[in-house]
Amino acid sequence: MQYQSDFHAPNHDATSTTPISSRKTLYDVFAVCFVAFLLLSNIGATKLISVGSLVFDGGAILFPLTYIIGDVLSEVYGFTKARRAIVLGFVISIISSLVFWLIIMAPAHPEYTGQAAFEAVLGVVPRFVVASLLAYLLGQLLNAWVLVRIKERWGERHLWARLVGSTIAGQFVDSLIFCVIAWVGTVSLGTIINLTVIGFLYKVGVEIVLLPLSYMVIGWVKRREQSYTAK
């Protein structure tokens, strides 16, 4: 039997299988948005926002969307590819923290007047980095795992249950870990509880409010992805 190397042989047969690199897929789009929203949320989380008696960090504005995108990745592409995007976000977050630290440590030009402001917003506070990374990694992995387990049990039915159920599990772990590690010893216990509860309820609430949009996006992606097979 004669074997031919796919790596060296050019593809002249128009009927042959399309190379993986040229197949149309939306996975990379969602993965990039996932990582970008994560980085923006981490920067926004350095500011506490107060609206009446409610206290939450700036990351809450955009961070819930990472869970919605994570749901799309898990629902359409499976746990393995969702985990790949999650780990990629974890690695990029570490790199961004190191880059910000190096920039801050670099000597500022005499005419640059924004050093203090730059440090205040992007300064690397070890406990915040640890809190953010651990909360993100464990929360997102749990979110993806719960969604996939529910889908294995019910198949394509009850999409709302796996979207909301996975978010409740993931966001609870995420909010609890971040608030405890980031704020213990710096703010009062009441503020920590406020941040945890309000952050959790807000993020889950966003998931519920955006359920119609999630249904539309997931349905659209499933129809576009040729490799998707209904369970």
# chains A, B, ... in the order shown; residues from 1 in each chain; ligands from 1
>>> select_by_dssp(residues="stretch 50-213 of chain A", states="strand (DSSP E)", output="PyMOL selection string")
chain A and resi 50-51+54-57
>>> residues_around(residues="A:Gly155", least_positions_apart="6", cutoff="12 Å", atoms="only C-alpha atoms", output="VMD selection string")
chain A and resid 75 147 to 149 161 to 162 229 to 231
>>> atom_distance(atom1="atom CA of A:Val206", atom2="atom CA of A:Pro64")
6.7 Å
>>> closest_residue(among="A:Ala82, A:Ile218, A:Ile181, A:Val91", to="A:Ala144", atoms="only C-alpha atoms")
A:Ala82
>>> residues_around(residues="A:Phe34", least_positions_apart="2", cutoff="9 Å", atoms="only C-alpha atoms", output="NGL selection string")
:A and (29-32 or 36-39 or 65-67 or 69-70 or 85-86 or 89)
>>> write_last_selection(atoms="N, CA, C and O atoms", output="PDB file, in the first residue's frame")
ATOM      1  N   VAL A  29     -13.699  33.413  16.685  1.00  0.00           N
ATOM      2  CA  VAL A  29     -14.325  34.710  16.977  1.00  0.00           C
ATOM      3  C   VAL A  29     -14.784  34.756  18.428  1.00  0.00           C
ATOM      4  O   VAL A  29     -14.514  35.724  19.163  1.00  0.00           O
ATOM      5  N   PHE A  30     -15.463  33.707  18.865  1.00  0.00           N
ATOM      6  CA  PHE A  30     -15.947  33.672  20.244  1.00  0.00           C
ATOM      7  C   PHE A  30     -14.793  33.568  21.236  1.00  0.00           C
ATOM      8  O   PHE A  30     -14.842  34.162  22.321  1.00  0.00           O
ATOM      9  N   ALA A  31     -13.750  32.832  20.889  1.00  0.00           N
ATOM     10  CA  ALA A  31     -12.600  32.701  21.781  1.00  0.00           C
ATOM     11  C   ALA A  31     -11.895  34.041  21.974  1.00  0.00           C
ATOM     12  O   ALA A  31     -11.520  34.413  23.094  1.00  0.00           O
ATOM     13  N   VAL A  32     -11.731  34.801  20.876  1.00  0.00           N
ATOM     14  CA  VAL A  32     -11.084  36.115  20.960  1.00  0.00           C
ATOM     15  C   VAL A  32     -11.924  37.075  21.797  1.00  0.00           C
ATOM     16  O   VAL A  32     -11.407  37.789  22.668  1.00  0.00           O
ATOM     17  N   ALA A  36     -10.879  38.919  25.284  1.00  0.00           N
ATOM     18  CA  ALA A  36     -10.895  40.385  25.310  1.00  0.00           C
ATOM     19  C   ALA A  36     -11.804  40.906  26.415  1.00  0.00           C
ATOM     20  O   ALA A  36     -11.440  41.824  27.174  1.00  0.00           O
ATOM     21  N   PHE A  37     -13.004  40.343  26.535  1.00  0.00           N
ATOM     22  CA  PHE A  37     -13.939  40.771  27.575  1.00  0.00           C
ATOM     23  C   PHE A  37     -13.383  40.481  28.959  1.00  0.00           C
ATOM     24  O   PHE A  37     -13.600  41.250  29.907  1.00  0.00           O
ATOM     25  N   LEU A  38     -12.661  39.365  29.074  1.00  0.00           N
ATOM     26  CA  LEU A  38     -12.045  39.027  30.360  1.00  0.00           C
ATOM     27  C   LEU A  38     -11.020  40.079  30.764  1.00  0.00           C
ATOM     28  O   LEU A  38     -11.015  40.551  31.911  1.00  0.00           O
ATOM     29  N   LEU A  39     -10.139  40.471  29.842  1.00  0.00           N
ATOM     30  CA  LEU A  39      -9.111  41.468  30.153  1.00  0.00           C
ATOM     31  C   LEU A  39      -9.735  42.807  30.515  1.00  0.00           C
ATOM     32  O   LEU A  39      -9.307  43.473  31.472  1.00  0.00           O
ATOM     33  N   LEU A  65     -20.851  38.869  30.317  1.00  0.00           N
ATOM     34  CA  LEU A  65     -20.838  38.444  28.915  1.00  0.00           C
ATOM     35  C   LEU A  65     -19.831  37.324  28.673  1.00  0.00           C
ATOM     36  O   LEU A  65     -19.992  36.532  27.741  1.00  0.00           O
ATOM     37  N   THR A  66     -18.787  37.247  29.512  1.00  0.00           N
ATOM     38  CA  THR A  66     -17.833  36.151  29.340  1.00  0.00           C
ATOM     39  C   THR A  66     -18.507  34.818  29.656  1.00  0.00           C
ATOM     40  O   THR A  66     -18.169  33.792  29.057  1.00  0.00           O
ATOM     41  N   TYR A  67     -19.458  34.826  30.591  1.00  0.00           N
ATOM     42  CA  TYR A  67     -20.174  33.598  30.906  1.00  0.00           C
ATOM     43  C   TYR A  67     -21.139  33.224  29.788  1.00  0.00           C
ATOM     44  O   TYR A  67     -21.336  32.040  29.493  1.00  0.00           O
ATOM     45  N   ILE A  69     -20.691  33.995  26.592  1.00  0.00           N
ATOM     46  CA  ILE A  69     -19.841  33.468  25.522  1.00  0.00           C
ATOM     47  C   ILE A  69     -19.324  32.083  25.905  1.00  0.00           C
ATOM     48  O   ILE A  69     -19.241  31.175  25.068  1.00  0.00           O
ATOM     49  N   GLY A  70     -19.003  31.904  27.178  1.00  0.00           N
ATOM     50  CA  GLY A  70     -18.574  30.589  27.648  1.00  0.00           C
ATOM     51  C   GLY A  70     -19.662  29.544  27.451  1.00  0.00           C
ATOM     52  O   GLY A  70     -19.376  28.386  27.125  1.00  0.00           O
ATOM     53  N   ALA A  85     -10.357  27.707  25.500  1.00  0.00           N
ATOM     54  CA  ALA A  85     -10.524  29.162  25.529  1.00  0.00           C
ATOM     55  C   ALA A  85     -10.349  29.699  26.948  1.00  0.00           C
ATOM     56  O   ALA A  85      -9.759  30.772  27.161  1.00  0.00           O
ATOM     57  N   ILE A  86     -10.861  28.961  27.928  1.00  0.00           N
ATOM     58  CA  ILE A  86     -10.747  29.381  29.323  1.00  0.00           C
ATOM     59  C   ILE A  86      -9.283  29.417  29.763  1.00  0.00           C
ATOM     60  O   ILE A  86      -8.824  30.381  30.385  1.00  0.00           O
ATOM     61  N   GLY A  89      -7.513  32.311  28.166  1.00  0.00           N
ATOM     62  CA  GLY A  89      -7.793  33.545  28.890  1.00  0.00           C
ATOM     63  C   GLY A  89      -6.983  33.640  30.173  1.00  0.00           C
ATOM     64  O   GLY A  89      -6.512  34.719  30.546  1.00  0.00           O
TER      65      GLY A  89
END
>>> closest_residue(among="A:Ala182, A:Ala135, A:Leu189, A:Val129", to="A:Ser96", atoms="only C-alpha atoms")
A:Val129
>>> closest_residue(among="A:Val184, A:Leu26, A:Ile43, A:Leu163", to="A:Trp145", atoms="only C-alpha atoms")
A:Leu163
>>> residues_around(residues="stretch 56-61 of chain A", least_positions_apart="4", cutoff="12 Å", atoms="only C-alpha atoms", output="PyMOL selection string")
chain A and resi 37-52+65-67+121+132+136+171+174-175+178-179+182-183+191-206
>>> residues_around(residues="A:Leu98", least_positions_apart="3", cutoff="12 Å", atoms="only C-alpha atoms", output="JSON, numbers by chain")
{"A": [91, 92, 93, 94, 95, 101, 102, 103, 104, 105, 122, 123, 124, 125, 126, 129]}
>>> write_last_selection(atoms="all heavy atoms", output="tab-separated table (two decimals), in the first residue's frame")
chain	number	residue	atom	x	y	z
A	91	VAL	N	-4.00	32.27	30.75
A	91	VAL	CA	-2.59	32.55	30.39
A	91	VAL	C	-2.42	34.01	29.96
A	91	VAL	O	-1.47	34.68	30.39
A	91	VAL	CB	-2.13	31.61	29.26
A	91	VAL	CG1	-0.75	32.00	28.75
A	91	VAL	CG2	-2.13	30.16	29.73
A	92	ILE	N	-3.32	34.51	29.13
A	92	ILE	CA	-3.23	35.89	28.68
A	92	ILE	C	-3.38	36.86	29.84
A	92	ILE	O	-2.73	37.92	29.88
A	92	ILE	CB	-4.30	36.19	27.60
A	92	ILE	CG1	-4.03	35.34	26.36
A	92	ILE	CG2	-4.30	37.66	27.23
A	92	ILE	CD1	-2.70	35.58	25.71
A	93	SER	N	-4.21	36.52	30.81
A	93	SER	CA	-4.38	37.38	31.99
A	93	SER	C	-3.07	37.47	32.78
A	93	SER	O	-2.70	38.54	33.27
A	93	SER	CB	-5.50	36.83	32.88
A	93	SER	OG	-6.74	36.92	32.24
A	94	ILE	N	-2.38	36.35	32.91
A	94	ILE	CA	-1.09	36.35	33.60
A	94	ILE	C	-0.08	37.21	32.84
A	94	ILE	O	0.65	38.03	33.43
A	94	ILE	CB	-0.55	34.92	33.76
A	94	ILE	CG1	-1.46	34.12	34.70
A	94	ILE	CG2	0.88	34.94	34.28
A	94	ILE	CD1	-1.05	32.67	34.84
A	95	ILE	N	-0.05	37.04	31.51
A	95	ILE	CA	0.87	37.82	30.69
A	95	ILE	C	0.57	39.31	30.80
A	95	ILE	O	1.49	40.14	30.92
A	95	ILE	CB	0.79	37.37	29.21
A	95	ILE	CG1	1.32	35.95	29.07
A	95	ILE	CG2	1.58	38.32	28.31
A	95	ILE	CD1	1.16	35.36	27.68
A	101	TRP	N	3.06	45.28	34.97
A	101	TRP	CA	4.06	45.45	36.03
A	101	TRP	C	5.38	45.96	35.44
A	101	TRP	O	6.01	46.87	36.01
A	101	TRP	CB	4.28	44.11	36.72
A	101	TRP	CG	5.34	44.18	37.79
A	101	TRP	CD1	5.21	44.72	39.04
A	101	TRP	CD2	6.68	43.71	37.69
A	101	TRP	NE1	6.39	44.61	39.73
A	101	TRP	CE2	7.31	43.99	38.92
A	101	TRP	CE3	7.40	43.07	36.68
A	101	TRP	CZ2	8.64	43.65	39.17
A	101	TRP	CZ3	8.72	42.73	36.92
A	101	TRP	CH2	9.32	43.02	38.15
A	102	LEU	N	5.80	45.39	34.31
A	102	LEU	CA	7.03	45.83	33.68
A	102	LEU	C	6.94	47.28	33.21
A	102	LEU	O	7.90	48.06	33.35
A	102	LEU	CB	7.37	44.93	32.48
A	102	LEU	CG	7.82	43.50	32.83
A	102	LEU	CD1	7.96	42.67	31.55
A	102	LEU	CD2	9.14	43.54	33.59
A	103	ILE	N	5.79	47.66	32.66
A	103	ILE	CA	5.61	49.04	32.19
A	103	ILE	C	5.68	50.01	33.36
A	103	ILE	O	6.29	51.08	33.26
A	103	ILE	CB	4.27	49.18	31.45
A	103	ILE	CG1	4.30	48.38	30.15
A	103	ILE	CG2	3.97	50.65	31.15
A	103	ILE	CD1	2.97	48.32	29.44
A	104	ILE	N	5.06	49.64	34.47
A	104	ILE	CA	5.07	50.51	35.64
A	104	ILE	C	6.48	50.63	36.20
A	104	ILE	O	6.91	51.71	36.62
A	104	ILE	CB	4.10	49.96	36.71
A	104	ILE	CG1	2.66	50.16	36.25
A	104	ILE	CG2	4.32	50.66	38.06
A	104	ILE	CD1	1.64	49.50	37.14
A	105	MET	N	7.22	49.54	36.22
A	105	MET	CA	8.58	49.56	36.75
A	105	MET	C	9.56	50.31	35.85
A	105	MET	O	10.58	50.82	36.32
A	105	MET	CB	9.09	48.13	36.95
A	105	MET	CG	8.39	47.33	38.04
A	105	MET	SD	8.59	48.07	39.70
A	105	MET	CE	7.00	48.89	39.89
A	122	LEU	N	-3.78	50.30	36.60
A	122	LEU	CA	-3.21	49.08	36.05
A	122	LEU	C	-2.12	48.46	36.92
A	122	LEU	O	-1.48	47.50	36.52
A	122	LEU	CB	-2.65	49.36	34.65
A	122	LEU	CG	-3.67	49.82	33.61
A	122	LEU	CD1	-2.98	50.14	32.29
A	122	LEU	CD2	-4.74	48.77	33.41
A	123	GLY	N	-1.91	49.05	38.08
A	123	GLY	CA	-0.89	48.52	38.97
A	123	GLY	C	-1.19	47.08	39.37
A	123	GLY	O	-2.35	46.72	39.62
A	124	VAL	N	-0.19	46.26	39.41
A	124	VAL	CA	-0.35	44.85	39.74
A	124	VAL	C	-0.35	44.68	41.25
A	124	VAL	O	0.67	44.82	41.90
A	124	VAL	CB	0.77	44.00	39.11
A	124	VAL	CG1	0.62	42.54	39.53
A	124	VAL	CG2	0.75	44.14	37.60
A	125	VAL	N	-1.54	44.41	41.80
A	125	VAL	CA	-1.67	44.09	43.22
A	125	VAL	C	-1.77	42.57	43.32
A	125	VAL	O	-2.75	41.99	42.85
A	125	VAL	CB	-2.93	44.75	43.82
A	125	VAL	CG1	-3.04	44.41	45.30
A	125	VAL	CG2	-2.89	46.26	43.61
A	126	PRO	N	-0.76	41.93	43.88
A	126	PRO	CA	-0.71	40.46	43.86
A	126	PRO	C	-2.00	39.77	44.30
A	126	PRO	O	-2.45	38.82	43.66
A	126	PRO	CB	0.44	40.15	44.83
A	126	PRO	CG	1.34	41.34	44.70
A	126	PRO	CD	0.42	42.51	44.54
A	129	VAL	N	-4.62	39.97	41.60
A	129	VAL	CA	-4.28	39.09	40.48
A	129	VAL	C	-4.64	37.65	40.83
A	129	VAL	O	-5.27	36.94	40.04
A	129	VAL	CB	-2.78	39.20	40.13
A	129	VAL	CG1	-2.41	38.16	39.08
A	129	VAL	CG2	-2.45	40.59	39.64
>>> residues_around(residues="A:Trp160", least_positions_apart="3", cutoff="10 Å", atoms="only C-alpha atoms", output="list in words")
Arg157, Leu163, Val164, Gly165, Ser166, Glu207, Ile208, Leu211, Pro212, Ser214 and Tyr215 of chain A
>>> write_last_selection(atoms="all heavy atoms", output="PDB file, in the first residue's frame")
ATOM      1  N   ARG A 157     -32.821  19.376  24.743  1.00  0.00           N
ATOM      2  CA  ARG A 157     -33.966  19.953  25.463  1.00  0.00           C
ATOM      3  C   ARG A 157     -33.514  20.812  26.637  1.00  0.00           C
ATOM      4  O   ARG A 157     -32.432  20.666  27.162  1.00  0.00           O
ATOM      5  CB  ARG A 157     -34.876  18.831  25.981  1.00  0.00           C
ATOM      6  CG  ARG A 157     -35.491  17.956  24.884  1.00  0.00           C
ATOM      7  CD  ARG A 157     -36.291  16.844  25.529  1.00  0.00           C
ATOM      8  NE  ARG A 157     -35.430  15.984  26.337  1.00  0.00           N
ATOM      9  CZ  ARG A 157     -35.860  15.302  27.412  1.00  0.00           C
ATOM     10  NH1 ARG A 157     -37.108  15.404  27.801  1.00  0.00           N
ATOM     11  NH2 ARG A 157     -35.010  14.532  28.077  1.00  0.00           N
ATOM     12  N   LEU A 163     -28.208  26.736  30.702  1.00  0.00           N
ATOM     13  CA  LEU A 163     -27.621  28.080  30.674  1.00  0.00           C
ATOM     14  C   LEU A 163     -27.681  28.727  32.054  1.00  0.00           C
ATOM     15  O   LEU A 163     -26.685  29.252  32.555  1.00  0.00           O
ATOM     16  CB  LEU A 163     -28.348  28.950  29.649  1.00  0.00           C
ATOM     17  CG  LEU A 163     -28.193  28.568  28.169  1.00  0.00           C
ATOM     18  CD1 LEU A 163     -28.977  29.532  27.293  1.00  0.00           C
ATOM     19  CD2 LEU A 163     -26.729  28.549  27.759  1.00  0.00           C
ATOM     20  N   VAL A 164     -28.848  28.698  32.655  1.00  0.00           N
ATOM     21  CA  VAL A 164     -29.014  29.329  33.973  1.00  0.00           C
ATOM     22  C   VAL A 164     -28.327  28.505  35.061  1.00  0.00           C
ATOM     23  O   VAL A 164     -27.635  29.055  35.935  1.00  0.00           O
ATOM     24  CB  VAL A 164     -30.507  29.507  34.306  1.00  0.00           C
ATOM     25  CG1 VAL A 164     -30.680  30.078  35.714  1.00  0.00           C
ATOM     26  CG2 VAL A 164     -31.168  30.433  33.296  1.00  0.00           C
ATOM     27  N   GLY A 165     -28.499  27.181  35.014  1.00  0.00           N
ATOM     28  CA  GLY A 165     -27.900  26.328  36.041  1.00  0.00           C
ATOM     29  C   GLY A 165     -26.390  26.418  36.076  1.00  0.00           C
ATOM     30  O   GLY A 165     -25.776  26.511  37.158  1.00  0.00           O
ATOM     31  N   SER A 166     -25.768  26.405  34.907  1.00  0.00           N
ATOM     32  CA  SER A 166     -24.307  26.500  34.850  1.00  0.00           C
ATOM     33  C   SER A 166     -23.823  27.864  35.320  1.00  0.00           C
ATOM     34  O   SER A 166     -22.789  27.965  35.993  1.00  0.00           O
ATOM     35  CB  SER A 166     -23.818  26.223  33.426  1.00  0.00           C
ATOM     36  OG  SER A 166     -24.324  27.179  32.517  1.00  0.00           O
ATOM     37  N   GLU A 207     -27.667  37.002  32.917  1.00  0.00           N
ATOM     38  CA  GLU A 207     -27.832  35.765  32.151  1.00  0.00           C
ATOM     39  C   GLU A 207     -29.309  35.506  31.848  1.00  0.00           C
ATOM     40  O   GLU A 207     -29.680  35.158  30.724  1.00  0.00           O
ATOM     41  CB  GLU A 207     -27.251  34.590  32.931  1.00  0.00           C
ATOM     42  CG  GLU A 207     -27.533  33.222  32.336  1.00  0.00           C
ATOM     43  CD  GLU A 207     -26.713  32.924  31.099  1.00  0.00           C
ATOM     44  OE1 GLU A 207     -25.482  32.856  31.203  1.00  0.00           O
ATOM     45  OE2 GLU A 207     -27.332  32.774  30.029  1.00  0.00           O
ATOM     46  N   ILE A 208     -30.162  35.688  32.866  1.00  0.00           N
ATOM     47  CA  ILE A 208     -31.590  35.432  32.695  1.00  0.00           C
ATOM     48  C   ILE A 208     -32.219  36.442  31.737  1.00  0.00           C
ATOM     49  O   ILE A 208     -32.996  36.077  30.847  1.00  0.00           O
ATOM     50  CB  ILE A 208     -32.305  35.465  34.063  1.00  0.00           C
ATOM     51  CG1 ILE A 208     -31.804  34.293  34.929  1.00  0.00           C
ATOM     52  CG2 ILE A 208     -33.820  35.390  33.876  1.00  0.00           C
ATOM     53  CD1 ILE A 208     -32.333  34.313  36.344  1.00  0.00           C
ATOM     54  N   LEU A 211     -31.353  35.711  28.165  1.00  0.00           N
ATOM     55  CA  LEU A 211     -31.663  34.371  27.666  1.00  0.00           C
ATOM     56  C   LEU A 211     -32.196  34.380  26.230  1.00  0.00           C
ATOM     57  O   LEU A 211     -31.764  33.555  25.408  1.00  0.00           O
ATOM     58  CB  LEU A 211     -32.668  33.675  28.587  1.00  0.00           C
ATOM     59  CG  LEU A 211     -32.095  32.829  29.730  1.00  0.00           C
ATOM     60  CD1 LEU A 211     -33.221  32.234  30.558  1.00  0.00           C
ATOM     61  CD2 LEU A 211     -31.184  31.736  29.200  1.00  0.00           C
ATOM     62  N   PRO A 212     -33.126  35.276  25.887  1.00  0.00           N
ATOM     63  CA  PRO A 212     -33.599  35.295  24.488  1.00  0.00           C
ATOM     64  C   PRO A 212     -32.457  35.520  23.493  1.00  0.00           C
ATOM     65  O   PRO A 212     -32.406  34.886  22.439  1.00  0.00           O
ATOM     66  CB  PRO A 212     -34.599  36.462  24.470  1.00  0.00           C
ATOM     67  CG  PRO A 212     -35.084  36.552  25.874  1.00  0.00           C
ATOM     68  CD  PRO A 212     -33.880  36.236  26.716  1.00  0.00           C
ATOM     69  N   SER A 214     -29.277  34.803  24.059  1.00  0.00           N
ATOM     70  CA  SER A 214     -28.443  33.604  24.087  1.00  0.00           C
ATOM     71  C   SER A 214     -29.049  32.515  23.207  1.00  0.00           C
ATOM     72  O   SER A 214     -28.330  31.831  22.464  1.00  0.00           O
ATOM     73  CB  SER A 214     -28.303  33.091  25.521  1.00  0.00           C
ATOM     74  OG  SER A 214     -27.634  34.038  26.342  1.00  0.00           O
ATOM     75  N   TYR A 215     -30.356  32.355  23.278  1.00  0.00           N
ATOM     76  CA  TYR A 215     -31.038  31.365  22.433  1.00  0.00           C
ATOM     77  C   TYR A 215     -30.804  31.670  20.958  1.00  0.00           C
ATOM     78  O   TYR A 215     -30.518  30.770  20.157  1.00  0.00           O
ATOM     79  CB  TYR A 215     -32.534  31.379  22.734  1.00  0.00           C
ATOM     80  CG  TYR A 215     -32.986  30.327  23.715  1.00  0.00           C
ATOM     81  CD1 TYR A 215     -32.681  30.444  25.074  1.00  0.00           C
ATOM     82  CD2 TYR A 215     -33.721  29.229  23.303  1.00  0.00           C
ATOM     83  CE1 TYR A 215     -33.091  29.492  25.986  1.00  0.00           C
ATOM     84  CE2 TYR A 215     -34.151  28.266  24.212  1.00  0.00           C
ATOM     85  CZ  TYR A 215     -33.833  28.403  25.553  1.00  0.00           C
ATOM     86  OH  TYR A 215     -34.239  27.448  26.444  1.00  0.00           O
TER      87      TYR A 215
END
>>> select_by_dssp(residues="chain A", states="alpha helix (DSSP H)", output="PyMOL selection string")
chain A and resi 27-44+63-72+78-105+115-122+126-154+159-183+189-209+211-224
>>> closest_residue(among="A:Val187, A:Leu88, A:Ala108, A:Ile68", to="A:Val209", atoms="only C-alpha atoms")
A:Ile68
>>> atom_distance(atom1="atom CA of A:Ser188", atom2="atom CA of A:Leu142")
28.5 Å
>>> decode(residues="stretch 202-220 of chain A", atoms="N, CA, C and O atoms", output="PDB file, in the first residue's frame")
ATOM      1  N   TYR A 202     -26.458  39.964  40.360  1.00  0.00           N
ATOM      2  CA  TYR A 202     -26.417  40.785  39.150  1.00  0.00           C
ATOM      3  C   TYR A 202     -26.004  39.957  37.935  1.00  0.00           C
ATOM      4  O   TYR A 202     -26.639  40.009  36.873  1.00  0.00           O
ATOM      5  N   LYS A 203     -24.948  39.169  38.088  1.00  0.00           N
ATOM      6  CA  LYS A 203     -24.434  38.395  36.963  1.00  0.00           C
ATOM      7  C   LYS A 203     -25.421  37.311  36.528  1.00  0.00           C
ATOM      8  O   LYS A 203     -25.604  37.080  35.333  1.00  0.00           O
ATOM      9  N   VAL A 204     -26.048  36.658  37.491  1.00  0.00           N
ATOM     10  CA  VAL A 204     -27.059  35.656  37.152  1.00  0.00           C
ATOM     11  C   VAL A 204     -28.268  36.346  36.517  1.00  0.00           C
ATOM     12  O   VAL A 204     -28.869  35.838  35.561  1.00  0.00           O
ATOM     13  N   GLY A 205     -28.612  37.520  37.044  1.00  0.00           N
ATOM     14  CA  GLY A 205     -29.727  38.275  36.480  1.00  0.00           C
ATOM     15  C   GLY A 205     -29.486  38.656  35.032  1.00  0.00           C
ATOM     16  O   GLY A 205     -30.397  38.598  34.199  1.00  0.00           O
ATOM     17  N   VAL A 206     -28.244  39.053  34.722  1.00  0.00           N
ATOM     18  CA  VAL A 206     -27.905  39.385  33.339  1.00  0.00           C
ATOM     19  C   VAL A 206     -28.090  38.167  32.439  1.00  0.00           C
ATOM     20  O   VAL A 206     -28.621  38.274  31.328  1.00  0.00           O
ATOM     21  N   GLU A 207     -27.667  37.002  32.917  1.00  0.00           N
ATOM     22  CA  GLU A 207     -27.832  35.765  32.151  1.00  0.00           C
ATOM     23  C   GLU A 207     -29.309  35.506  31.848  1.00  0.00           C
ATOM     24  O   GLU A 207     -29.680  35.158  30.724  1.00  0.00           O
ATOM     25  N   ILE A 208     -30.162  35.688  32.866  1.00  0.00           N
ATOM     26  CA  ILE A 208     -31.590  35.432  32.695  1.00  0.00           C
ATOM     27  C   ILE A 208     -32.219  36.442  31.737  1.00  0.00           C
ATOM     28  O   ILE A 208     -32.996  36.077  30.847  1.00  0.00           O
ATOM     29  N   VAL A 209     -31.873  37.721  31.909  1.00  0.00           N
ATOM     30  CA  VAL A 209     -32.428  38.764  31.052  1.00  0.00           C
ATOM     31  C   VAL A 209     -32.023  38.553  29.594  1.00  0.00           C
ATOM     32  O   VAL A 209     -32.808  38.784  28.671  1.00  0.00           O
ATOM     33  N   LEU A 210     -30.797  38.081  29.403  1.00  0.00           N
ATOM     34  CA  LEU A 210     -30.283  37.900  28.043  1.00  0.00           C
ATOM     35  C   LEU A 210     -30.541  36.500  27.483  1.00  0.00           C
ATOM     36  O   LEU A 210     -29.999  36.155  26.428  1.00  0.00           O
ATOM     37  N   LEU A 211     -31.353  35.711  28.165  1.00  0.00           N
ATOM     38  CA  LEU A 211     -31.663  34.371  27.666  1.00  0.00           C
ATOM     39  C   LEU A 211     -32.196  34.380  26.230  1.00  0.00           C
ATOM     40  O   LEU A 211     -31.764  33.555  25.408  1.00  0.00           O
ATOM     41  N   PRO A 212     -33.126  35.276  25.887  1.00  0.00           N
ATOM     42  CA  PRO A 212     -33.599  35.295  24.488  1.00  0.00           C
ATOM     43  C   PRO A 212     -32.457  35.520  23.493  1.00  0.00           C
ATOM     44  O   PRO A 212     -32.406  34.886  22.439  1.00  0.00           O
ATOM     45  N   LEU A 213     -31.530  36.419  23.852  1.00  0.00           N
ATOM     46  CA  LEU A 213     -30.387  36.672  22.980  1.00  0.00           C
ATOM     47  C   LEU A 213     -29.483  35.451  22.921  1.00  0.00           C
ATOM     48  O   LEU A 213     -28.979  35.101  21.844  1.00  0.00           O
ATOM     49  N   SER A 214     -29.277  34.803  24.059  1.00  0.00           N
ATOM     50  CA  SER A 214     -28.443  33.604  24.087  1.00  0.00           C
ATOM     51  C   SER A 214     -29.049  32.515  23.207  1.00  0.00           C
ATOM     52  O   SER A 214     -28.330  31.831  22.464  1.00  0.00           O
ATOM     53  N   TYR A 215     -30.356  32.355  23.278  1.00  0.00           N
ATOM     54  CA  TYR A 215     -31.038  31.365  22.433  1.00  0.00           C
ATOM     55  C   TYR A 215     -30.804  31.670  20.958  1.00  0.00           C
ATOM     56  O   TYR A 215     -30.518  30.770  20.157  1.00  0.00           O
ATOM     57  N   MET A 216     -30.937  32.952  20.595  1.00  0.00           N
ATOM     58  CA  MET A 216     -30.768  33.346  19.200  1.00  0.00           C
ATOM     59  C   MET A 216     -29.345  33.086  18.718  1.00  0.00           C
ATOM     60  O   MET A 216     -29.136  32.532  17.636  1.00  0.00           O
ATOM     61  N   VAL A 217     -28.361  33.497  19.533  1.00  0.00           N
ATOM     62  CA  VAL A 217     -26.961  33.341  19.144  1.00  0.00           C
ATOM     63  C   VAL A 217     -26.588  31.866  19.040  1.00  0.00           C
ATOM     64  O   VAL A 217     -25.974  31.425  18.054  1.00  0.00           O
ATOM     65  N   ILE A 218     -26.962  31.079  20.050  1.00  0.00           N
ATOM     66  CA  ILE A 218     -26.625  29.658  20.048  1.00  0.00           C
ATOM     67  C   ILE A 218     -27.283  28.944  18.870  1.00  0.00           C
ATOM     68  O   ILE A 218     -26.656  28.135  18.179  1.00  0.00           O
ATOM     69  N   GLY A 219     -28.552  29.259  18.625  1.00  0.00           N
ATOM     70  CA  GLY A 219     -29.243  28.647  17.491  1.00  0.00           C
ATOM     71  C   GLY A 219     -28.598  29.007  16.164  1.00  0.00           C
ATOM     72  O   GLY A 219     -28.431  28.156  15.284  1.00  0.00           O
ATOM     73  N   TRP A 220     -28.209  30.272  16.037  1.00  0.00           N
ATOM     74  CA  TRP A 220     -27.566  30.740  14.808  1.00  0.00           C
ATOM     75  C   TRP A 220     -26.217  30.070  14.603  1.00  0.00           C
ATOM     76  O   TRP A 220     -25.888  29.631  13.499  1.00  0.00           O
TER      77      TRP A 220
END
